file final-v7.txt (compact mmCIF, C-alpha atoms)
# COMPACT_ATOMS: atom_id res chain seq x y z
CA MET H 91 0.00 0.00 0.00
CA SER H 92 1.08 3.63 -0.38
CA SER H 93 3.09 5.08 2.45
CA GLU H 94 1.27 8.40 2.07
CA ARG H 95 -1.19 9.20 4.83
CA ALA H 96 -4.14 11.51 4.33
CA ARG H 97 -4.42 13.96 7.19
CA SER H 98 -7.79 13.88 8.89
CA THR H 99 -9.57 17.23 8.59
CA GLY H 100 -12.93 16.01 9.88
CA SER H 101 -14.68 17.31 12.95
CA THR H 102 -14.73 15.31 16.18
CA GLN H 103 -17.12 12.39 15.78
CA ILE H 104 -16.44 10.43 18.99
CA THR H 105 -15.86 12.07 22.37
CA VAL H 106 -14.96 9.83 25.32
CA ARG H 107 -14.80 11.35 28.80
CA LYS H 108 -13.94 9.73 32.16
CA LEU H 109 -14.84 6.28 30.84
CA ASN H 110 -14.63 3.47 33.39
CA LYS H 111 -15.53 -0.19 33.35
CA VAL H 112 -15.30 -2.26 36.53
CA TYR H 113 -16.46 -5.87 36.39
CA PRO H 114 -18.25 -7.56 39.34
CA ASN H 115 -15.02 -9.36 40.29
CA GLY H 116 -13.33 -5.99 40.81
CA LEU H 117 -11.33 -5.98 37.58
CA ARG H 118 -10.96 -2.40 36.30
CA ALA H 119 -10.92 -2.93 32.53
CA LEU H 120 -11.11 0.80 31.70
CA ASP H 121 -9.69 3.47 33.99
CA ASN H 122 -10.70 7.11 33.39
CA VAL H 123 -10.25 7.05 29.60
CA ASN H 124 -10.47 10.38 27.76
CA VAL H 125 -10.07 10.60 23.98
CA ASP H 126 -11.49 12.35 20.90
CA ILE H 127 -11.63 10.70 17.48
CA LYS H 128 -12.21 12.69 14.31
CA LYS H 129 -14.50 11.74 11.47
CA GLY H 130 -12.62 9.78 8.81
CA GLU H 131 -9.64 8.78 10.98
CA PHE H 132 -8.12 5.31 10.81
CA VAL H 133 -7.16 4.55 14.41
CA ALA H 134 -5.22 1.49 15.54
CA ILE H 135 -5.50 0.46 19.20
CA ILE H 136 -2.53 -1.45 20.61
CA GLY H 137 -1.78 -3.15 23.91
CA SER H 138 -1.23 -6.51 25.52
CA SER H 139 -4.02 -9.02 26.09
CA GLY H 140 -6.16 -7.75 28.95
CA ALA H 141 -5.05 -4.14 28.47
CA GLY H 142 -8.61 -2.94 27.83
CA LYS H 143 -8.60 -2.72 24.02
CA SER H 144 -11.63 -4.94 23.43
CA THR H 145 -13.56 -3.48 26.36
CA PHE H 146 -12.99 0.00 24.97
CA ILE H 147 -14.02 -0.79 21.42
CA ARG H 148 -17.09 -2.75 22.58
CA SER H 149 -18.12 0.11 24.84
CA LEU H 150 -18.42 2.37 21.82
CA ASN H 151 -21.47 0.47 20.53
CA ARG H 152 -22.67 -0.74 23.94
CA LEU H 153 -21.75 -4.39 23.53
CA VAL H 154 -20.17 -3.62 26.89
CA GLN H 155 -22.02 -1.35 29.30
CA PRO H 156 -19.58 1.14 30.89
CA SER H 157 -19.67 1.60 34.65
CA SER H 158 -19.43 5.39 34.33
CA GLY H 159 -18.42 8.16 31.98
CA ASN H 160 -19.67 9.44 28.64
CA ILE H 161 -19.28 8.41 24.99
CA ILE H 162 -20.73 10.96 22.60
CA ILE H 163 -21.09 9.66 19.04
CA ASN H 164 -22.65 11.91 16.41
CA GLY H 165 -24.18 13.97 19.18
CA THR H 166 -25.70 11.08 21.17
CA ASP H 167 -24.43 9.86 24.54
CA THR H 168 -24.24 6.14 23.89
CA VAL H 169 -23.78 5.25 27.57
CA THR H 170 -27.33 6.34 28.40
CA ALA H 171 -28.98 5.74 24.98
CA LYS H 172 -32.15 3.63 24.99
CA GLY H 173 -34.80 2.45 22.58
CA SER H 174 -34.70 4.06 19.15
CA ASP H 175 -31.58 6.07 20.02
CA LEU H 176 -29.65 2.88 20.82
CA ARG H 177 -30.95 1.15 17.69
CA HIS H 178 -29.86 4.10 15.57
CA LEU H 179 -26.45 4.07 17.22
CA ARG H 180 -25.93 0.39 16.46
CA ARG H 181 -26.94 1.02 12.85
CA GLU H 182 -24.38 3.83 12.60
CA VAL H 183 -21.58 1.81 14.22
CA ALA H 184 -20.72 -1.44 12.43
CA MET H 185 -18.68 -4.18 14.10
CA ILE H 186 -16.23 -6.71 12.66
CA PHE H 187 -15.16 -9.57 14.92
CA GLN H 188 -12.09 -11.79 15.13
CA GLN H 189 -14.15 -14.96 14.63
CA PHE H 190 -16.28 -13.42 11.84
CA ASN H 191 -19.65 -14.13 13.59
CA LEU H 192 -21.29 -15.47 10.44
CA VAL H 193 -24.23 -17.87 10.37
CA LYS H 194 -22.34 -20.71 8.73
CA ARG H 195 -25.39 -22.60 7.38
CA LEU H 196 -26.72 -19.52 5.57
CA THR H 197 -25.55 -18.30 2.19
CA VAL H 198 -23.00 -15.54 1.89
CA LEU H 199 -25.67 -13.19 0.54
CA ARG H 200 -28.03 -13.92 3.43
CA ASN H 201 -25.23 -13.19 5.91
CA VAL H 202 -24.52 -9.83 4.27
CA LEU H 203 -28.22 -8.98 4.30
CA MET H 204 -28.13 -9.27 8.09
CA GLY H 205 -26.39 -5.90 7.96
CA ARG H 206 -29.74 -4.43 6.87
CA LEU H 207 -31.62 -5.59 9.99
CA GLY H 208 -31.16 -2.24 11.69
CA TYR H 209 -33.40 -0.69 9.03
CA LYS H 210 -36.25 -3.16 9.52
CA GLY H 211 -37.45 -2.57 13.08
CA GLY H 212 -40.20 -4.38 14.96
CA LEU H 213 -41.14 -7.78 13.57
CA GLY H 214 -38.71 -7.20 10.72
CA ASN H 215 -35.92 -8.26 13.07
CA ILE H 216 -37.67 -11.57 13.79
CA TRP H 217 -38.91 -12.45 10.30
CA PRO H 218 -36.87 -10.14 8.07
CA VAL H 219 -38.06 -9.56 4.52
CA PHE H 220 -35.38 -8.02 2.34
CA ASN H 221 -36.38 -5.99 -0.70
CA SER H 222 -34.57 -5.55 -4.00
CA LYS H 223 -32.72 -2.48 -2.69
CA ASP H 224 -31.35 -4.52 0.20
CA VAL H 225 -30.24 -7.31 -2.13
CA ASP H 226 -28.63 -4.87 -4.57
CA MET H 227 -26.75 -3.21 -1.73
CA ALA H 228 -25.55 -6.57 -0.38
CA LEU H 229 -24.35 -7.66 -3.82
CA GLN H 230 -22.58 -4.34 -4.34
CA SER H 231 -20.82 -4.79 -1.00
CA LEU H 232 -19.70 -8.29 -1.98
CA ASN H 233 -18.51 -6.96 -5.32
CA ARG H 234 -16.38 -4.34 -3.59
CA LEU H 235 -14.84 -7.11 -1.49
CA GLY H 236 -14.12 -9.19 -4.60
CA ILE H 237 -16.29 -12.17 -3.67
CA VAL H 238 -19.63 -11.51 -5.35
CA GLU H 239 -19.31 -14.87 -7.13
CA LYS H 240 -19.63 -16.55 -3.69
CA ALA H 241 -23.02 -14.94 -2.96
CA TYR H 242 -25.11 -18.10 -3.18
CA ILE H 243 -22.88 -20.63 -1.45
CA ARG H 244 -22.90 -21.43 2.26
CA ALA H 245 -20.62 -19.33 4.44
CA ASP H 246 -18.98 -22.43 5.93
CA GLN H 247 -17.59 -23.33 2.50
CA LEU H 248 -15.30 -20.27 2.51
CA SER H 249 -11.76 -19.86 3.76
CA GLY H 250 -11.09 -17.75 6.85
CA GLY H 251 -10.00 -14.78 4.77
CA GLN H 252 -13.11 -15.03 2.59
CA GLN H 253 -15.33 -15.25 5.67
CA GLN H 254 -13.78 -12.07 7.04
CA ARG H 255 -14.50 -10.37 3.71
CA VAL H 256 -18.14 -11.41 4.09
CA ALA H 257 -18.14 -9.93 7.58
CA ILE H 258 -16.79 -6.65 6.20
CA ALA H 259 -19.42 -6.70 3.43
CA ARG H 260 -22.10 -7.20 6.09
CA ALA H 261 -20.74 -4.18 7.97
CA LEU H 262 -20.77 -2.10 4.75
CA ALA H 263 -24.40 -3.06 4.13
CA GLN H 264 -25.28 -1.22 7.35
CA GLU H 265 -24.22 2.05 5.71
CA PRO H 266 -22.31 2.97 8.88
CA SER H 267 -20.41 6.14 9.64
CA ILE H 268 -18.08 4.27 12.02
CA MET H 269 -16.54 0.83 11.61
CA LEU H 270 -15.08 -1.02 14.60
CA ALA H 271 -12.86 -4.07 14.13
CA ASP H 272 -11.90 -6.16 17.17
CA GLU H 273 -8.72 -8.11 16.27
CA PRO H 274 -9.97 -8.67 12.68
CA VAL H 275 -6.76 -10.39 11.51
CA ALA H 276 -5.79 -12.35 14.62
CA SER H 277 -7.20 -15.59 13.15
CA LEU H 278 -5.65 -15.08 9.71
CA ASP H 279 -2.27 -15.85 8.18
CA PRO H 280 0.07 -12.90 7.50
CA GLU H 281 -0.68 -12.69 3.77
CA THR H 282 -4.45 -12.73 4.30
CA SER H 283 -4.09 -10.21 7.12
CA ILE H 284 -2.54 -7.74 4.67
CA VAL H 285 -5.41 -8.27 2.23
CA VAL H 286 -8.04 -7.63 4.92
CA LEU H 287 -6.30 -4.50 6.25
CA ASP H 288 -5.84 -3.20 2.69
CA ILE H 289 -9.62 -3.55 2.25
CA LEU H 290 -10.39 -1.74 5.52
CA LYS H 291 -7.99 1.07 4.61
CA ARG H 292 -9.50 1.42 1.13
CA ILE H 293 -13.04 1.62 2.54
CA ASN H 294 -11.86 4.18 5.10
CA ARG H 295 -10.39 6.37 2.37
CA GLU H 296 -13.08 5.94 -0.29
CA ASP H 297 -16.12 6.21 1.99
CA GLY H 298 -14.74 8.42 4.76
CA ILE H 299 -15.85 5.88 7.36
CA THR H 300 -14.15 6.37 10.70
CA THR H 301 -12.30 3.11 11.35
CA ILE H 302 -11.06 1.87 14.73
CA VAL H 303 -9.11 -1.38 14.75
CA ASN H 304 -7.67 -3.40 17.63
CA LEU H 305 -4.33 -4.90 16.61
CA HIS H 306 -1.71 -7.02 18.35
CA GLN H 307 0.83 -6.49 15.57
CA LEU H 308 2.67 -3.21 16.09
CA ASP H 309 4.11 -3.23 12.56
CA LEU H 310 0.60 -3.36 11.08
CA ALA H 311 -0.53 -0.50 13.30
CA ARG H 312 2.38 1.60 12.07
CA GLU H 313 1.68 0.70 8.44
CA TYR H 314 -2.05 1.30 8.24
CA ALA H 315 -3.11 3.78 10.91
CA ASP H 316 -3.33 7.56 10.80
CA ARG H 317 -3.15 7.46 14.58
CA VAL H 318 -2.19 4.91 17.24
CA ILE H 319 -3.71 4.65 20.72
CA GLY H 320 -2.07 2.48 23.36
CA PHE H 321 -3.75 0.88 26.39
CA LYS H 322 -2.15 -0.66 29.46
CA ALA H 323 -4.06 -1.96 32.49
CA GLY H 324 -7.18 -0.11 31.35
CA LYS H 325 -5.45 3.24 31.02
CA LEU H 326 -4.76 5.15 27.83
CA VAL H 327 -0.97 5.50 27.93
CA PHE H 328 -0.19 6.63 24.37
CA ASP H 329 -1.95 8.67 21.70
CA GLY H 330 0.02 9.80 18.68
CA SER H 331 1.06 9.26 15.09
CA PRO H 332 2.54 5.96 13.87
CA GLU H 333 5.88 7.71 13.47
CA GLU H 334 5.85 8.49 17.20
CA VAL H 335 5.64 4.81 18.16
CA THR H 336 9.23 4.54 19.33
CA ARG H 337 11.00 1.94 21.44
CA GLU H 338 10.16 4.03 24.50
CA VAL H 339 6.46 3.92 23.58
CA TYR H 340 6.69 0.16 23.05
CA GLU H 341 8.15 -0.23 26.54
CA ARG H 342 5.40 2.00 27.99
CA VAL H 343 2.59 0.00 26.36
CA TYR H 344 3.86 -3.57 26.54
CA ARG H 345 6.17 -3.79 29.55

call {"tool": "encode", "arguments": {"input": "final-v7.txt", "output": "structure tokens"}}
result
Amino acid sequence: MSSERARSTGSTQITVRKLNKVYPNGLRALDNVNVDIKKGEFVAIIGSSGAGKSTFIRSLNRLVQPSSGNIIINGTDTVTAKGSDLRHLRREVAMIFQQFNLVKRLTVLRNVLMGRLGYKGGLGNIWPVFNSKDVDMALQSLNRLGIVEKAYIRADQLSGGQQQRVAIARALAQEPSIMLADEPVASLDPETSIVVLDILKRINREDGITTIVNLHQLDLAREYADRVIGFKAGKLVFDGSPEEVTREVYERVYR
């Protein structure tokens, strides 16, 4: 990929203030986290296992309920959002998982169409009926990911890299303004990891979708991100450009 990085000129889209998460066993997974993320940024989050990366990223769309603090996304405080506000938030914020989270017995197309559920509401979430617009959008998403020819086969017939592409296509079908990816390449081989991150970077640049990715691999964070955030023991201990990720920063985050 090109080494050139587009500077983010967007306004602040995500504001996090005094964010804490304490589990019933006393574990403090997030400790007074404060951060702003601009629209269109590609942010890599680094840190050791248990540092708070996944808790943070899952708090943004309320897969994890914070203990206290505020997360303002597109003007809505997601920590207190309920009902239609929460449904709208989850439509705006797409999620890509390490283990893909596909329904393996369904076709690829049907899995991608699940990204349209947020637009159905009510009984449409229980017995969803997808119209031609939904199908067209799903096929277009698959085409962008280079796997439209797989649309009518079962998801469990795909390789891991292909399944992750389906998961990204499903996220695109949501028409999100923010895309979260929780260790999206941890289950993939190095070559496939590059392909998946190239796709996420291209979508970020072409669509202006704010992209936040948890990564274990520091070299990939340096290569793809506009900005790197480091967590250690639930605290945000680094926030800067990839070029600023020095040996001293590595020691601060990982030791």

call {"tool": "axis_aligned_box", "arguments": {"input": "final-v7.txt", "around": "segment 267-284 of chain H", "padding_each_side": "6 Å", "output": "AutoDock Vina command-line options"}}
result
--center_x -10.2 --center_y -4.9 --center_z 10.5 --size_x 32.5 --size_y 34.0 --size_z 25.4

call {"tool": "residues_around", "arguments": {"input": "final-v7.txt", "residues": "segment 181-192 of chain H", "least_positions_apart": "4", "cutoff": "8 Å", "atoms": "all atoms listed in the file", "output": "ChimeraX atom specification"}}
result
/H:151,177,201,208-209,245,253-254,257-258,261-262,264-277

call {"tool": "residues_around", "arguments": {"input": "final-v7.txt", "residues": "segment 334-341 of chain H", "least_positions_apart": "6", "cutoff": "10 Å", "atoms": "all atoms listed in the file", "output": "list in words"}}
result
Ile136, Gly137, Leu308, Asp309, Ala311, Arg312, Arg317, Val318, Ile319, Gly320, Val327 and Phe328 of chain H

call {"tool": "atom_distance", "arguments": {"input": "final-v7.txt", "atom1": "atom CA of Leu287 of chain H", "atom2": "atom CA of Arg342 of chain H"}}
result
25.5 Å

call {"tool": "residues_around", "arguments": {"input": "final-v7.txt", "residues": "Ser101 of chain H", "least_positions_apart": "3", "cutoff": "9 Å", "atoms": "all atoms listed in the file", "output": "ChimeraX atom specification"}}
result
/H:98,127-130

call {"tool": "closest_residue", "arguments": {"input": "final-v7.txt", "among": "H:Asn110, H:Asn221, H:Ser139, H:Asn124", "to": "Gly159 of chain H", "atoms": "only C-alpha atoms"}}
result
H:Asn110

call {"tool": "closest_residue", "arguments": {"input": "final-v7.txt", "among": "H:Val133, H:Tyr113, H:Gln247, H:Arg255", "to": "Asn233 of chain H", "atoms": "all atoms listed in the file"}}
result
H:Arg255

call {"tool": "atom_distance", "arguments": {"input": "final-v7.txt", "atom1": "atom CA of Leu235 of chain H", "atom2": "atom CA of Leu199 of chain H"}}
result
12.6 Å

call {"tool": "atom_distance", "arguments": {"input": "final-v7.txt", "atom1": "atom CA of Asp316 of chain H", "atom2": "atom CA of Glu333 of chain H"}}
result
9.6 Å

call {"tool": "residues_near_point", "arguments": {"input": "final-v7.txt", "point": "(0.3, -5.2, 29.9)", "cutoff": "8 Å", "atoms": "all atoms listed in the file", "output": "NGL selection string"}}
result
:H and (137-141 or 322-323 or 343-345)

call {"tool": "residues_around", "arguments": {"input": "final-v7.txt", "residues": "Ser157 of chain H", "least_positions_apart": "6", "cutoff": "10 Å", "atoms": "all atoms listed in the file", "output": "list of chain:residue names"}}
result
H:Leu109, H:Asn110, H:Lys111, H:Val112, H:Tyr113, H:Arg118, H:Leu120, H:Val169

call {"tool": "residues_near_point", "arguments": {"input": "final-v7.txt", "point": "(-13.8, 9.9, 26.1)", "cutoff": "8 Å", "atoms": "all atoms listed in the file", "output": "number ranges by chain"}}
result
H: 104-109, 123-126, 159-162

call {"tool": "residues_around", "arguments": {"input": "final-v7.txt", "residues": "Arg260 of chain H", "least_positions_apart": "5", "cutoff": "8 Å", "atoms": "only C-alpha atoms", "output": "number ranges by chain"}}
result
H: 201-205, 228, 231

call {"tool": "build_atoms", "arguments": {"input": "final-v7.txt", "residues": "segment 186-197 of chain H", "atoms": "all heavy atoms", "output": "tab-separated table (two decimals), keeping the file's coordinate frame"}}
result
chain	number	residue	atom	x	y	z
H	186	ILE	N	-16.87	-5.55	13.29
H	186	ILE	CA	-16.23	-6.71	12.66
H	186	ILE	C	-15.48	-7.46	13.75
H	186	ILE	O	-14.73	-6.86	14.53
H	186	ILE	CB	-15.25	-6.25	11.55
H	186	ILE	CG1	-16.01	-5.48	10.47
H	186	ILE	CG2	-14.53	-7.45	10.94
H	186	ILE	CD1	-15.11	-4.66	9.59
H	187	PHE	N	-15.69	-8.77	13.82
H	187	PHE	CA	-15.16	-9.57	14.92
H	187	PHE	C	-14.01	-10.46	14.46
H	187	PHE	O	-13.88	-10.80	13.29
H	187	PHE	CB	-16.27	-10.45	15.50
H	187	PHE	CG	-17.44	-9.69	16.07
H	187	PHE	CD1	-18.51	-9.36	15.26
H	187	PHE	CD2	-17.47	-9.31	17.40
H	187	PHE	CE1	-19.61	-8.66	15.76
H	187	PHE	CE2	-18.55	-8.62	17.92
H	187	PHE	CZ	-19.62	-8.29	17.10
H	188	GLN	N	-13.21	-10.89	15.42
H	188	GLN	CA	-12.09	-11.79	15.13
H	188	GLN	C	-12.56	-13.10	14.53
H	188	GLN	O	-11.97	-13.61	13.58
H	188	GLN	CB	-11.31	-12.06	16.42
H	188	GLN	CG	-10.15	-13.05	16.25
H	188	GLN	CD	-9.42	-13.32	17.55
H	188	GLN	OE1	-9.52	-12.54	18.51
H	188	GLN	NE2	-8.69	-14.41	17.61
H	189	GLN	N	-13.65	-13.66	15.08
H	189	GLN	CA	-14.15	-14.96	14.63
H	189	GLN	C	-15.29	-14.83	13.61
H	189	GLN	O	-16.06	-15.77	13.44
H	189	GLN	CB	-14.61	-15.79	15.84
H	189	GLN	CG	-13.49	-16.08	16.84
H	189	GLN	CD	-12.37	-16.90	16.24
H	189	GLN	OE1	-12.56	-17.63	15.27
H	189	GLN	NE2	-11.17	-16.76	16.80
H	190	PHE	N	-15.40	-13.69	12.98
H	190	PHE	CA	-16.28	-13.42	11.84
H	190	PHE	C	-17.76	-13.31	12.21
H	190	PHE	O	-18.49	-12.51	11.64
H	190	PHE	CB	-16.13	-14.49	10.73
H	190	PHE	CG	-14.73	-14.96	10.51
H	190	PHE	CD1	-14.42	-16.31	10.39
H	190	PHE	CD2	-13.67	-14.05	10.42
H	190	PHE	CE1	-13.13	-16.74	10.20
H	190	PHE	CE2	-12.37	-14.47	10.22
H	190	PHE	CZ	-12.10	-15.83	10.12
H	191	ASN	N	-18.25	-14.16	13.14
H	191	ASN	CA	-19.65	-14.13	13.59
H	191	ASN	C	-20.64	-14.27	12.44
H	191	ASN	O	-21.66	-13.56	12.39
H	191	ASN	CB	-19.92	-12.86	14.39
H	191	ASN	CG	-19.41	-12.95	15.82
H	191	ASN	OD1	-18.49	-13.71	16.10
H	191	ASN	ND2	-19.98	-12.19	16.71
H	192	LEU	N	-20.35	-15.18	11.52
H	192	LEU	CA	-21.29	-15.47	10.44
H	192	LEU	C	-22.19	-16.63	10.85
H	192	LEU	O	-21.84	-17.44	11.71
H	192	LEU	CB	-20.53	-15.85	9.16
H	192	LEU	CG	-19.54	-14.82	8.61
H	192	LEU	CD1	-18.88	-15.37	7.35
H	192	LEU	CD2	-20.22	-13.49	8.32
H	193	VAL	N	-23.37	-16.70	10.22
H	193	VAL	CA	-24.23	-17.87	10.37
H	193	VAL	C	-23.81	-18.86	9.29
H	193	VAL	O	-24.14	-18.68	8.12
H	193	VAL	CB	-25.72	-17.49	10.24
H	193	VAL	CG1	-26.59	-18.73	10.46
H	193	VAL	CG2	-26.08	-16.39	11.23
H	194	LYS	N	-23.05	-19.86	9.69
H	194	LYS	CA	-22.34	-20.71	8.73
H	194	LYS	C	-23.27	-21.46	7.78
H	194	LYS	O	-22.91	-21.73	6.63
H	194	LYS	CB	-21.45	-21.71	9.47
H	194	LYS	CG	-20.41	-21.05	10.38
H	194	LYS	CD	-19.38	-20.27	9.60
H	194	LYS	CE	-18.31	-19.68	10.49
H	194	LYS	NZ	-17.45	-20.68	11.11
H	195	ARG	N	-24.49	-21.80	8.23
H	195	ARG	CA	-25.39	-22.60	7.38
H	195	ARG	C	-26.14	-21.74	6.36
H	195	ARG	O	-26.78	-22.28	5.45
H	195	ARG	CB	-26.39	-23.37	8.25
H	195	ARG	CG	-27.27	-22.47	9.10
H	195	ARG	CD	-28.19	-23.25	10.02
H	195	ARG	NE	-28.95	-22.38	10.88
H	195	ARG	CZ	-30.05	-21.73	10.54
H	195	ARG	NH1	-30.51	-21.85	9.30
H	195	ARG	NH2	-30.68	-20.96	11.40
H	196	LEU	N	-26.06	-20.41	6.52
H	196	LEU	CA	-26.72	-19.52	5.57
H	196	LEU	C	-25.79	-19.17	4.42
H	196	LEU	O	-24.57	-19.29	4.53
H	196	LEU	CB	-27.18	-18.24	6.27
H	196	LEU	CG	-28.25	-18.37	7.35
H	196	LEU	CD1	-28.61	-17.00	7.88
H	196	LEU	CD2	-29.48	-19.09	6.82
H	197	THR	N	-26.37	-18.72	3.32
H	197	THR	CA	-25.55	-18.30	2.19
H	197	THR	C	-24.78	-17.03	2.53
H	197	THR	O	-25.13	-16.31	3.46
H	197	THR	CB	-26.41	-18.02	0.94
H	197	THR	OG1	-27.26	-16.90	1.20
H	197	THR	CG2	-27.22	-19.24	0.54
